[in-house]
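*Asks:* Please find data_33.cif (mmCIF, C-alpha atoms (C1' of nucleotides)) on the next line:
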data_target
#
loop_
_atom_site.label_atom_id
_atom_site.label_comp_id
_atom_site.auth_asym_id
_atom_site.auth_seq_id
_atom_site.Cartn_x
_atom_site.Cartn_y
_atom_site.Cartn_z
CA MET A 1 0.00 0.00 0.00
CA THR A 2 1.18 3.50 -0.72
CA ALA A 3 1.79 5.91 2.10
CA ALA A 4 -1.79 7.13 2.12
CA HIS A 5 -4.04 5.71 -0.52
CA GLY A 6 -7.02 7.90 -1.29
CA PHE A 7 -5.51 11.16 -2.41
CA GLU A 8 -3.87 9.98 -5.65
CA GLN A 9 -5.63 9.64 -8.95
CA HIS A 10 -6.73 6.07 -9.48
CA ASN A 11 -9.19 3.87 -11.30
CA HIS A 12 -11.87 3.87 -8.68
CA ALA A 13 -13.91 1.01 -10.15
CA THR A 14 -11.15 -1.37 -9.16
CA CYS A 15 -11.35 -0.22 -5.53
CA ILE A 16 -14.86 -1.61 -5.27
CA ARG A 17 -14.37 -4.73 -7.38
CA ASP A 18 -11.09 -5.77 -5.80
CA GLY A 19 -12.22 -4.97 -2.29
CA LEU A 20 -15.33 -7.05 -2.68
CA GLN A 21 -13.38 -9.92 -4.21
CA VAL A 22 -10.88 -9.99 -1.37
CA ALA A 23 -13.67 -9.89 1.20
CA GLU A 24 -15.44 -12.79 -0.48
CA ARG A 25 -12.30 -14.86 -0.57
CA ILE A 26 -11.48 -14.18 3.07
CA CYS A 27 -15.03 -14.93 4.21
CA ALA A 28 -14.96 -18.21 2.31
CA GLU A 29 -11.62 -19.12 3.87
CA ARG A 30 -12.76 -18.31 7.38
CA GLY A 31 -16.32 -19.53 7.26
CA LEU A 32 -17.79 -16.05 7.62
CA GLN A 33 -21.11 -15.10 6.08
CA LEU A 34 -20.95 -12.12 3.76
CA THR A 35 -24.72 -11.70 3.74
CA PRO A 36 -26.55 -9.29 1.40
CA VAL A 37 -26.72 -6.51 4.00
CA ARG A 38 -23.06 -6.85 4.95
CA ARG A 39 -21.96 -7.07 1.36
CA ARG A 40 -23.96 -4.02 0.38
CA VAL A 41 -22.61 -1.95 3.29
CA LEU A 42 -19.07 -2.91 2.30
CA GLU A 43 -19.86 -1.76 -1.24
CA TYR A 44 -21.07 1.60 0.06
CA LEU A 45 -17.83 2.05 1.98
CA LEU A 46 -15.61 0.88 -0.87
CA GLY A 47 -17.43 3.30 -3.14
CA GLU A 48 -16.11 6.36 -1.32
CA HIS A 49 -12.77 7.48 -0.02
CA ARG A 50 -14.51 9.18 2.83
CA ALA A 51 -16.11 7.97 6.03
CA LEU A 52 -19.83 7.22 6.09
CA GLY A 53 -21.94 7.67 9.20
CA ALA A 54 -24.07 4.79 10.42
CA TYR A 55 -27.25 6.69 9.65
CA GLU A 56 -26.16 7.57 6.13
CA ILE A 57 -25.60 3.87 5.59
CA LEU A 58 -28.96 3.10 7.15
CA ASP A 59 -30.64 5.53 4.74
CA ARG A 60 -29.12 3.74 1.78
CA LEU A 61 -30.18 0.36 3.14
CA ARG A 62 -33.70 1.71 3.58
CA GLY A 63 -33.67 2.91 0.00
CA GLU A 64 -33.01 -0.63 -1.13
CA GLY A 65 -35.39 -2.30 1.30
CA LEU A 66 -32.51 -4.01 3.09
CA GLY A 67 -33.23 -2.70 6.55
CA LYS A 68 -35.17 -0.08 8.45
CA GLN A 69 -33.77 0.23 11.99
CA PRO A 70 -30.38 1.39 13.34
CA PRO A 71 -29.30 -2.03 14.64
CA VAL A 72 -29.31 -3.35 11.07
CA ALA A 73 -26.63 -0.87 10.06
CA TYR A 74 -24.66 -1.18 13.28
CA ARG A 75 -24.60 -4.97 13.10
CA ALA A 76 -23.28 -4.94 9.57
CA LEU A 77 -20.66 -2.38 10.54
CA ASP A 78 -19.67 -4.38 13.61
CA PHE A 79 -19.15 -7.40 11.42
CA LEU A 80 -17.06 -5.52 8.89
CA VAL A 81 -14.95 -3.79 11.53
CA SER A 82 -14.40 -6.81 13.74
CA HIS A 83 -13.29 -8.95 10.80
CA GLY A 84 -10.98 -6.34 9.35
CA PHE A 85 -12.97 -5.19 6.31
CA ALA A 86 -13.62 -1.69 7.62
CA HIS A 87 -12.42 0.74 10.24
CA ARG A 88 -14.13 3.16 12.53
CA VAL A 89 -12.82 6.72 12.31
CA GLU A 90 -13.19 7.99 15.88
CA LYS A 91 -12.80 11.63 15.04
CA LEU A 92 -15.78 11.43 12.69
CA ASN A 93 -17.92 8.81 14.41
CA ALA A 94 -18.02 7.19 11.01
CA PHE A 95 -16.75 4.24 9.02
CA ILE A 96 -14.47 3.58 6.08
CA ALA A 97 -13.43 0.54 4.05
CA CYS A 98 -10.12 -0.96 5.06
CA GLY A 99 -7.23 -0.62 2.65
CA LEU A 100 -5.61 -3.83 3.85
CA PRO A 101 -8.59 -6.14 4.36
CA GLY A 102 -8.24 -9.18 6.52
CA GLN A 103 -4.78 -8.38 7.78
CA ARG A 104 -4.43 -7.39 11.38
CA HIS A 105 -2.93 -3.91 11.49
CA ASP A 106 -3.08 -0.54 13.20
CA PRO A 107 -4.52 1.98 10.80
CA ALA A 108 -3.77 5.68 10.73
CA PHE A 109 -6.01 8.18 8.97
CA LEU A 110 -5.45 11.47 7.23
CA ILE A 111 -8.76 13.32 7.21
CA CYS A 112 -9.18 16.31 4.91
CA SER A 113 -11.48 18.76 6.66
CA SER A 114 -12.10 20.54 3.38
CA CYS A 115 -13.27 17.77 1.04
CA GLY A 116 -13.88 14.99 3.54
CA THR A 117 -11.53 12.52 1.90
CA VAL A 118 -10.00 10.06 4.32
CA ALA A 119 -6.79 8.26 3.43
CA GLU A 120 -5.55 5.25 5.29
CA ALA A 121 -1.88 5.03 6.11
CA LEU A 122 -0.06 2.41 8.11
CA SER A 123 1.02 3.40 11.55
CA ASN A 124 4.22 1.97 12.82
CA SER A 125 2.96 1.69 16.34
CA GLN A 126 6.15 0.28 17.73
CA SER A 127 8.37 3.22 16.94
CA ASP A 128 5.90 6.00 17.66
CA SER A 129 5.97 8.20 20.72
CA LEU A 130 2.75 6.61 21.89
CA ALA A 131 4.43 3.23 22.11
CA GLN A 132 7.41 4.83 23.83
CA ALA A 133 5.17 6.39 26.47
CA ALA A 134 3.32 3.12 26.95
CA LYS A 135 6.54 1.20 27.39
CA ALA A 136 7.89 3.75 29.83
CA SER A 137 4.84 3.51 32.06
CA GLY A 138 4.14 -0.20 31.75
CA PHE A 139 0.94 0.23 29.77
CA ALA A 140 -0.04 -2.65 27.47
CA ILE A 141 -1.55 -1.34 24.24
CA LYS A 142 -4.42 -3.31 22.71
CA ARG A 143 -5.53 -0.91 20.04
CA THR A 144 -4.42 2.48 18.79
CA VAL A 145 -6.35 5.41 17.37
CA ILE A 146 -4.12 7.50 15.14
CA GLU A 147 -5.86 10.19 13.16
CA ALA A 148 -4.91 13.54 11.71
CA GLU A 149 -7.18 16.31 10.56
CA GLY A 150 -5.85 18.71 7.98
CA THR A 151 -5.80 19.61 4.32
CA CYS A 152 -5.15 17.16 1.51
CA PRO A 153 -2.90 17.99 -1.46
CA SER A 154 -5.77 18.79 -3.85
CA CYS A 155 -7.46 21.16 -1.42
CA THR A 156 -4.13 22.81 -0.61
CA ASP A 157 -3.60 23.40 -4.33
CA ALA A 158 -7.13 24.75 -4.67
CA GLU A 159 -6.61 27.21 -1.80
CA GLU A 160 -3.34 28.43 -3.23
CA ALA A 161 -4.69 28.87 -6.76
CA PRO A 162 -4.04 32.49 -7.84
CA CYS A 163 -7.36 33.03 -9.60
CA ASP A 164 -10.58 32.31 -7.75
CA MET B 1 5.75 16.00 32.76
CA THR B 2 6.38 12.32 33.19
CA ALA B 3 5.80 9.96 30.33
CA ALA B 4 2.19 9.37 31.23
CA HIS B 5 0.95 10.96 34.40
CA GLY B 6 -2.05 9.29 35.91
CA PHE B 7 -0.92 5.76 36.57
CA GLU B 8 1.66 6.44 39.26
CA GLN B 9 0.89 6.88 42.90
CA HIS B 10 0.61 10.54 43.74
CA ASN B 11 -0.90 12.99 46.14
CA HIS B 12 -4.09 13.58 44.29
CA ALA B 13 -5.15 16.67 46.24
CA THR B 14 -2.34 18.58 44.60
CA CYS B 15 -3.64 17.69 41.14
CA ILE B 16 -6.78 19.66 41.81
CA ARG B 17 -5.21 22.53 43.73
CA ASP B 18 -2.30 23.05 41.37
CA GLY B 19 -4.41 22.66 38.26
CA LEU B 20 -6.88 25.22 39.48
CA GLN B 21 -4.12 27.60 40.47
CA VAL B 22 -2.46 27.40 37.08
CA ALA B 23 -5.78 27.95 35.33
CA GLU B 24 -6.49 31.00 37.45
CA ARG B 25 -3.10 32.49 36.72
CA ILE B 26 -3.40 31.88 33.00
CA CYS B 27 -6.91 33.31 32.85
CA ALA B 28 -5.75 36.39 34.70
CA GLU B 29 -2.82 36.82 32.32
CA ARG B 30 -4.96 36.43 29.23
CA GLY B 31 -8.07 38.25 30.34
CA LEU B 32 -10.19 35.09 30.32
CA GLN B 33 -13.11 34.65 32.67
CA LEU B 34 -12.95 31.54 34.83
CA THR B 35 -16.60 31.79 35.82
CA PRO B 36 -18.17 29.58 38.53
CA VAL B 37 -19.51 27.06 36.04
CA ARG B 38 -16.22 26.82 34.16
CA ARG B 39 -14.21 26.63 37.33
CA ARG B 40 -16.41 23.90 38.75
CA VAL B 41 -16.25 21.81 35.59
CA LEU B 42 -12.48 22.10 35.61
CA GLU B 43 -12.53 20.89 39.22
CA TYR B 44 -14.62 17.87 38.23
CA LEU B 45 -12.11 17.00 35.54
CA LEU B 46 -9.07 17.61 37.73
CA GLY B 47 -10.66 15.40 40.37
CA GLU B 48 -10.43 12.28 38.23
CA HIS B 49 -7.79 10.70 36.10
CA ARG B 50 -10.46 9.47 33.78
CA ALA B 51 -12.58 11.09 31.12
CA LEU B 52 -16.00 12.46 32.04
CA GLY B 53 -18.88 12.53 29.57
CA ALA B 54 -20.71 15.79 29.00
CA TYR B 55 -23.87 14.43 30.58
CA GLU B 56 -22.08 13.19 33.65
CA ILE B 57 -20.74 16.70 34.08
CA LEU B 58 -24.19 18.11 33.47
CA ASP B 59 -25.60 15.86 36.19
CA ARG B 60 -23.08 17.20 38.66
CA LEU B 61 -23.83 20.78 37.68
CA ARG B 62 -27.52 20.07 38.18
CA GLY B 63 -26.79 18.68 41.61
CA GLU B 64 -25.21 21.99 42.57
CA GLY B 65 -27.79 24.18 40.87
CA LEU B 66 -25.22 25.50 38.43
CA GLY B 67 -27.04 24.55 35.27
CA LYS B 68 -29.82 22.39 33.92
CA GLN B 69 -29.48 22.09 30.14
CA PRO B 70 -26.84 20.45 27.90
CA PRO B 71 -25.54 23.73 26.45
CA VAL B 72 -24.37 24.80 29.90
CA ALA B 73 -22.01 21.85 30.11
CA TYR B 74 -20.94 22.03 26.48
CA ARG B 75 -20.14 25.74 26.70
CA ALA B 76 -17.97 25.26 29.75
CA LEU B 77 -16.22 22.33 28.07
CA ASP B 78 -15.72 24.33 24.87
CA PHE B 79 -14.10 27.08 26.90
CA LEU B 80 -11.80 24.70 28.74
CA VAL B 81 -10.81 22.80 25.62
CA SER B 82 -10.29 25.81 23.39
CA HIS B 83 -8.09 27.54 25.94
CA GLY B 84 -6.03 24.48 26.69
CA PHE B 85 -7.31 23.52 30.13
CA ALA B 86 -8.91 20.27 29.00
CA HIS B 87 -8.89 17.82 26.11
CA ARG B 88 -11.52 15.84 24.35
CA VAL B 89 -10.83 12.09 24.21
CA GLU B 90 -12.29 11.06 20.85
CA LYS B 91 -12.36 7.36 21.58
CA LEU B 92 -14.57 7.97 24.59
CA ASN B 93 -16.56 11.01 23.48
CA ALA B 94 -15.53 12.47 26.80
CA PHE B 95 -13.29 15.04 28.42
CA ILE B 96 -10.25 15.14 30.65
CA ALA B 97 -8.21 17.83 32.36
CA CYS B 98 -5.06 18.82 30.53
CA GLY B 99 -1.74 17.88 32.07
CA LEU B 100 0.05 20.81 30.49
CA PRO B 101 -2.47 23.61 30.83
CA GLY B 102 -2.18 26.65 28.66
CA GLN B 103 0.61 25.33 26.49
CA ARG B 104 -0.19 24.48 22.93
CA HIS B 105 0.62 20.81 22.41
CA ASP B 106 -0.57 17.63 20.77
CA PRO B 107 -1.77 15.28 23.47
CA ALA B 108 -1.65 11.50 23.38
CA PHE B 109 -3.74 9.35 25.67
CA LEU B 110 -3.34 5.93 27.23
CA ILE B 111 -6.80 4.65 28.10
CA CYS B 112 -7.15 1.70 30.45
CA SER B 113 -10.20 -0.26 29.35
CA SER B 114 -10.27 -2.07 32.68
CA CYS B 115 -10.32 0.75 35.22
CA GLY B 116 -11.04 3.71 32.97
CA THR B 117 -7.96 5.67 33.94
CA VAL B 118 -6.69 7.95 31.20
CA ALA B 119 -3.10 9.15 31.23
CA GLU B 120 -1.87 11.98 29.09
CA ALA B 121 1.44 11.62 27.33
CA LEU B 122 3.12 13.93 24.90
CA SER B 123 3.08 12.97 21.29
CA ASN B 124 6.03 13.87 19.22
CA SER B 125 3.97 14.50 16.13
CA GLN B 126 6.91 15.38 13.95
CA SER B 127 8.74 12.10 14.21
CA ASP B 128 5.78 9.77 14.24
CA SER B 129 4.70 7.64 11.33
CA LEU B 130 1.60 9.76 10.94
CA ALA B 131 3.72 12.81 10.18
CA GLN B 132 5.84 10.73 7.82
CA ALA B 133 2.79 9.58 5.89
CA ALA B 134 1.45 13.12 5.76
CA LYS B 135 4.73 14.47 4.47
CA ALA B 136 5.00 11.74 1.86
CA SER B 137 1.55 12.51 0.46
CA GLY B 138 1.59 16.30 0.80
CA PHE B 139 -1.04 16.39 3.51
CA ALA B 140 -0.94 19.38 5.89
CA ILE B 141 -1.78 18.33 9.44
CA LYS B 142 -3.83 20.74 11.58
CA ARG B 143 -4.59 18.55 14.55
CA THR B 144 -3.78 15.01 15.60
CA VAL B 145 -5.73 12.41 17.55
CA ILE B 146 -3.39 9.93 19.20
CA GLU B 147 -5.00 7.51 21.62
CA ALA B 148 -4.30 3.98 22.79
CA GLU B 149 -6.65 1.58 24.50
CA GLY B 150 -5.14 -1.10 26.66
CA THR B 151 -4.34 -2.15 30.19
CA CYS B 152 -2.61 0.04 32.74
CA PRO B 153 0.14 -1.25 35.06
CA SER B 154 -2.16 -1.68 38.09
CA CYS B 155 -4.76 -3.64 36.17
CA THR B 156 -2.07 -5.77 34.55
CA ASP B 157 -0.76 -6.61 38.01
CA ALA B 158 -4.26 -7.38 39.23
CA GLU B 159 -4.89 -9.75 36.32
CA GLU B 160 -1.61 -11.55 36.90
CA ALA B 161 -2.14 -11.93 40.63
CA PRO B 162 -1.89 -15.64 41.49
CA CYS B 163 -4.74 -15.65 44.01
CA ASP B 164 -8.15 -14.30 43.01
"C1'" DA C 1 -27.57 56.55 28.52
"C1'" DT C 2 -26.43 53.43 25.26
"C1'" DA C 3 -23.84 50.28 22.79
"C1'" DC C 4 -21.11 46.31 22.87
"C1'" DA C 5 -19.06 41.99 24.33
"C1'" DC C 6 -19.62 38.13 26.87
"C1'" DC C 7 -21.89 34.85 29.75
"C1'" DT C 8 -26.03 32.32 31.03
"C1'" DG C 9 -30.94 30.29 30.53
"C1'" DT C 10 -34.17 27.63 27.82
"C1'" DT C 11 -36.61 25.14 24.13
"C1'" DA C 12 -36.34 22.11 20.66
"C1'" DT C 13 -34.13 19.14 17.66
"C1'" DT C 14 -30.62 16.25 15.47
"C1'" DG C 15 -27.22 12.69 15.47
"C1'" DT C 16 -25.01 8.47 17.42
"C1'" DA C 17 -25.49 4.02 19.64
"C1'" DT C 18 -27.29 0.04 22.10
"C1'" DA C 19 -30.35 -2.94 25.23
"C1'" DA C 20 -33.74 -6.23 24.98
"C1'" DC C 21 -36.74 -9.25 23.01
"C1'" DA C 22 -38.97 -11.73 18.96
"C1'" DT C 23 -38.46 -14.32 14.71
"C1'" DC C 24 -36.45 -16.95 11.16
"C1'" DC C 25 -33.68 -20.32 8.95
"C1'" DA C 26 -29.88 -23.66 7.86
"C1'" DG C 27 -27.58 -27.49 9.53
"C1'" DC C 28 -26.96 -30.98 12.81
"C1'" DT C 29 -28.72 -34.49 16.23
"C1'" DT C 30 -31.43 -37.98 17.85
"C1'" DA D 1 -39.40 -36.31 11.20
"C1'" DA D 2 -38.97 -33.63 15.18
"C1'" DG D 3 -36.21 -30.95 17.78
"C1'" DC D 4 -32.15 -28.34 19.01
"C1'" DT D 5 -28.72 -24.83 18.10
"C1'" DG D 6 -26.19 -20.89 16.36
"C1'" DG D 7 -26.16 -17.13 13.64
"C1'" DA D 8 -28.62 -13.56 11.26
"C1'" DT D 9 -32.41 -10.41 11.05
"C1'" DG D 10 -36.63 -7.56 12.62
"C1'" DT D 11 -38.52 -4.29 15.92
"C1'" DT D 12 -39.39 -1.33 19.91
"C1'" DA D 13 -37.72 1.66 22.94
"C1'" DT D 14 -34.34 4.27 25.01
"C1'" DA D 15 -29.89 6.32 26.27
"C1'" DC D 16 -26.13 9.25 25.26
"C1'" DA D 17 -23.84 13.14 22.53
"C1'" DA D 18 -24.23 17.62 20.41
"C1'" DT D 19 -26.00 21.95 18.65
"C1'" DA D 20 -29.24 25.58 16.58
"C1'" DA D 21 -31.70 29.40 17.82
"C1'" DC D 22 -33.45 32.78 20.63
"C1'" DA D 23 -34.02 35.35 25.21
"C1'" DG D 24 -32.11 37.67 29.07
"C1'" DG D 25 -28.57 39.54 32.13
"C1'" DT D 26 -24.25 42.03 33.50
"C1'" DG D 27 -20.21 44.62 33.05
"C1'" DT D 28 -17.35 48.11 30.71
"C1'" DA D 29 -16.35 51.81 27.54
"C1'" DT D 30 -17.74 55.72 25.08
#
Let me see the file written as C-alpha cells.
*Replies:*
Amino acid sequence: MTAAHGFEQHNHATCIRDGLQVAERICAERGLQLTPVRRRVLEYLLGEHRALGAYEILDRLRGEGLGKQPPVAYRALDFLVSHGFAHRVEKLNAFIACGLPGQRHDPAFLICSSCGTVAEALSNSQSDSLAQAAKASGFAIKRTVIEAEGTCPSCTDAEEAPCD
Amino acid sequence: MTAAHGFEQHNHATCIRDGLQVAERICAERGLQLTPVRRRVLEYLLGEHRALGAYEILDRLRGEGLGKQPPVAYRALDFLVSHGFAHRVEKLNAFIACGLPGQRHDPAFLICSSCGTVAEALSNSQSDSLAQAAKASGFAIKRTVIEAEGTCPSCTDAEEAPCD
DNA sequence: ATACACCTGTTATTGTATAACATCCAGCTT
DNA sequence: AAGCTGGATGTTATACAATAACAGGTGTAT
C-alpha cells in the first residue's frame, strides 16, 4: 500500500471490485457469512474514499429495502470492523473501508477537513511516541487510534490557486 | 511532565489545587473569565484521572444548581478545551483535564479499558509515522488524535495476581 | 444613557449508539 | 421427522452526545 491511498488519482472502479473480491475470498476461507446486507454496506464504503456515518448507511439500506432500523446498520458495521474489512474513524464517528482487508494492522487516517476525503496510512505503532510512552509507564496497548485532521494535497492546491 | 501521568501513585489533592491555580493564573494573564460554572467543571475534571462525559458533568452541575441544560455543560467544556485547560478524548466522546495547561501541544492518551484511567502523554507529532505519511503525500496536518486503548500497570498486576 | 461583548438560561431538535426481546432459517442431532 | 442450536435479522424503545436558535442579564467603555 502507498503511504496514504485515497488522495492519488486512481481507477476507482477497481477499488470496489477488488475490495469485494478480497472480502469474499477471506469470508470463504474463514467460514464467515458475507450476507446481502453486509456485502452491500461494504460496497457503500468501498465506493467512497470518505467515512460514512451509520445513519447515512442506514438511509441507503432503507432505499433498497434491506433494513429499516439502526441495529441493522450497526450490526453490519460491527461485522465488517471486527473482521478487518472496515475501520471506525473515531474523530468522525463514522466508518471507512479498510485498505488492507483481513490483515491485522493498526490503521492511521489522514482526514481532509475541506473535502472529507479520508486516506488510510499504516502506523508503525512500535516506533511512535505513543508506544514509547506506553513502554515507559508499563501500559499494554491493545488498540491504537491514530488520526490527523488537515488539508489534503488537492485542497491545498485549490486554496493556493491564484485566480478564484 | 512524566511519560504518562495518571498511573503512578501521587498525592491527588495537589492535582486539583495546582491545576486550578495554574488555570487561574493563565486566565488572569490572558483576560479570560474563569466563571463559577467553568471553574467547577475544571474541578470535576481535575478530580479524576479518567474522562467524564458531558452528561455526567451536566448531572453534577444540576446537583449543585449550576445549570440544567446540555448547552451549559458544552459551553464550559468548549471554553476549557479551546483555551487548553482540558482535552476531548475522541475514543470515549468524553473530556479530561489537561496535564500541560495553557501550552499548545498535541496530546496522546493511554486509556485503560479495565479501570477507565486515562493518562496523558506527549506525542512527538513530527517524528511519528503519521507525520511521515502526511509528508510523503503532501497532507498538511492541523490537529492530531493519538489515543491507545489497553491495560494500565495496576490492572495488569491485578490480572496476573496468582490468588483471586 | 447606550452600545457592545460576553456569559447564562431555555426550548427544541438532530445525530449516534445500544439494550432487549422476537423471529427466522440452515444445519446438525437424535 | 422432530427438535435443538447458532447465527442472522426484525422491531421497539431508550440512552447518550451535540447543537441551533433565541431570550435575558451584566459589566465596561464611550
*Asks:* For chain B, report every residue with an atom at most 10 Å from chain A (counting only C-alpha atoms), formatted as a PyMOL selection string.
*Replies:* chain B and resi 2-8+89-93+107-113+119-156
*Asks:* Out of D:DC22, D:DG27, D:DA17, D:DG3, which residue has the shortest atom-to-atom distance to chain A when counting only C-alpha atoms (C1' of nucleotides)?
*Replies:*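 With only C-alpha atoms (C1' of nucleotides) as the atom set, the closest residue is D:DA17.
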*Asks:* Return as a ChimeraX atom specification the set of residues that the PyMOL selection byres ((chain C and resi 24) around 8) yields on the displayed structure.
*Replies:* /C:23,25 /D:9
*Asks:* Please, which residues of chain B lie no more than 9 Å from chain D when the count uses only C-alpha atoms (C1' of nucleotides), and can they be set out as a list in words?
*Replies:* Gly53, Ala54, Tyr55, Pro70, Pro71, Tyr74 and Asn93 of chain B
*Asks:* Atoms to include: C-alpha atoms. Write the selected residues as a tab-separated table (two decimals), keeping the file's coordinate frame.
*Replies:*
chain	number	residue	atom	x	y	z
B	53	GLY	CA	-18.88	12.53	29.57
B	54	ALA	CA	-20.71	15.79	29.00
B	55	TYR	CA	-23.87	14.43	30.58
B	70	PRO	CA	-26.84	20.45	27.90
B	71	PRO	CA	-25.54	23.73	26.45
B	74	TYR	CA	-20.94	22.03	26.48
B	93	ASN	CA	-16.56	11.01	23.48
*Asks:* Could you expand the PyMOL selection byres ((chain C) within 10 of (chain B)) into the explicit residues it covers here, written as an mmCIF file with C-alpha atoms (C1' of nucleotides), in the coordinates of the input?
*Replies:*
data_model
loop_
_atom_site.group_PDB
_atom_site.id
_atom_site.type_symbol
_atom_site.label_atom_id
_atom_site.label_comp_id
_atom_site.auth_asym_id
_atom_site.auth_seq_id
_atom_site.Cartn_x
_atom_site.Cartn_y
_atom_site.Cartn_z
ATOM 1 C "C1'" DC C 6 -19.620 38.130 26.870
ATOM 2 C "C1'" DC C 7 -21.890 34.850 29.750
ATOM 3 C "C1'" DT C 8 -26.030 32.320 31.030
ATOM 4 C "C1'" DG C 9 -30.940 30.290 30.530
ATOM 5 C "C1'" DT C 10 -34.170 27.630 27.820
ATOM 6 C "C1'" DT C 11 -36.610 25.140 24.130
#
*Asks:* What does the structure give for the distance between CA of Gln9 in chain B and CA of Val41 in chain B, in Å to one decimal?
*Replies:*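 Between these atoms lies a distance of 23.9 Å.
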*Asks:* Which is closest to Leu32 in chain A among A:Phe95, A:His83, A:Leu100, A:Thr117, if we use all atoms listed in the file?
*Replies:*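 With all atoms listed in the file as the atom set, the closest residue is A:His83.
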*Asks:* Which residues come within 10 Å of Thr14 in chain B, counting all atoms listed in the file, excluding same-chain residues fewer than 4 positions away, as a list in words?
*Replies:*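 With the cut-off at 10 Å, the set is His10, Asp18, Gly19, Leu20, Leu46 and Gly47 of chain B.
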*Asks:* Would you kindly return, as a list of chain:residue names, each protein, DNA or RNA residue with an atom no farther than 9 Å from any atom of Ala86 in chain A, considering only C-alpha atoms (C1' of nucleotides) and excluding same-chain residues fewer than 3 positions away?
*Replies:*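 Listed by chain and then number, they are A:Leu42, A:Leu45, A:Leu77, A:Asp78, A:Phe79, A:Leu80, A:Val81, A:Ser82, A:His83, A:Phe95, A:Ile96, A:Ala97, A:Cys98, A:Gly99, A:Pro101.
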*Asks:* In Å, with one decimal, what is the gap from CA of Asp106 in chain B to CA of Val22 in chain B?
*Replies:*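 Going from CA of Asp106 in chain B over to CA of Val22 in chain B covers 19.1 Å.
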*Asks:* Record the distance separating CA of Arg17 in chain A and CA of His49 in chain A, expressed in Å with one decimal.
*Replies:* 14.3 Å
*Asks:* Of the residues A:Arg60, A:Arg50, A:His87, A:Arg38, which is the one nearest to Gly102 in chain A, using all atoms listed in the file?
*Replies:*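 Looking only at the distances to Gly102 in chain A, the closest residue turns out to be A:His87.
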*Asks:* Using all atoms listed in the file for the distances, tell me which of B:Ile26, B:Leu66, B:Val118, B:Ala158 is nearest to Ala94 in chain B.
*Replies:* B:Val118
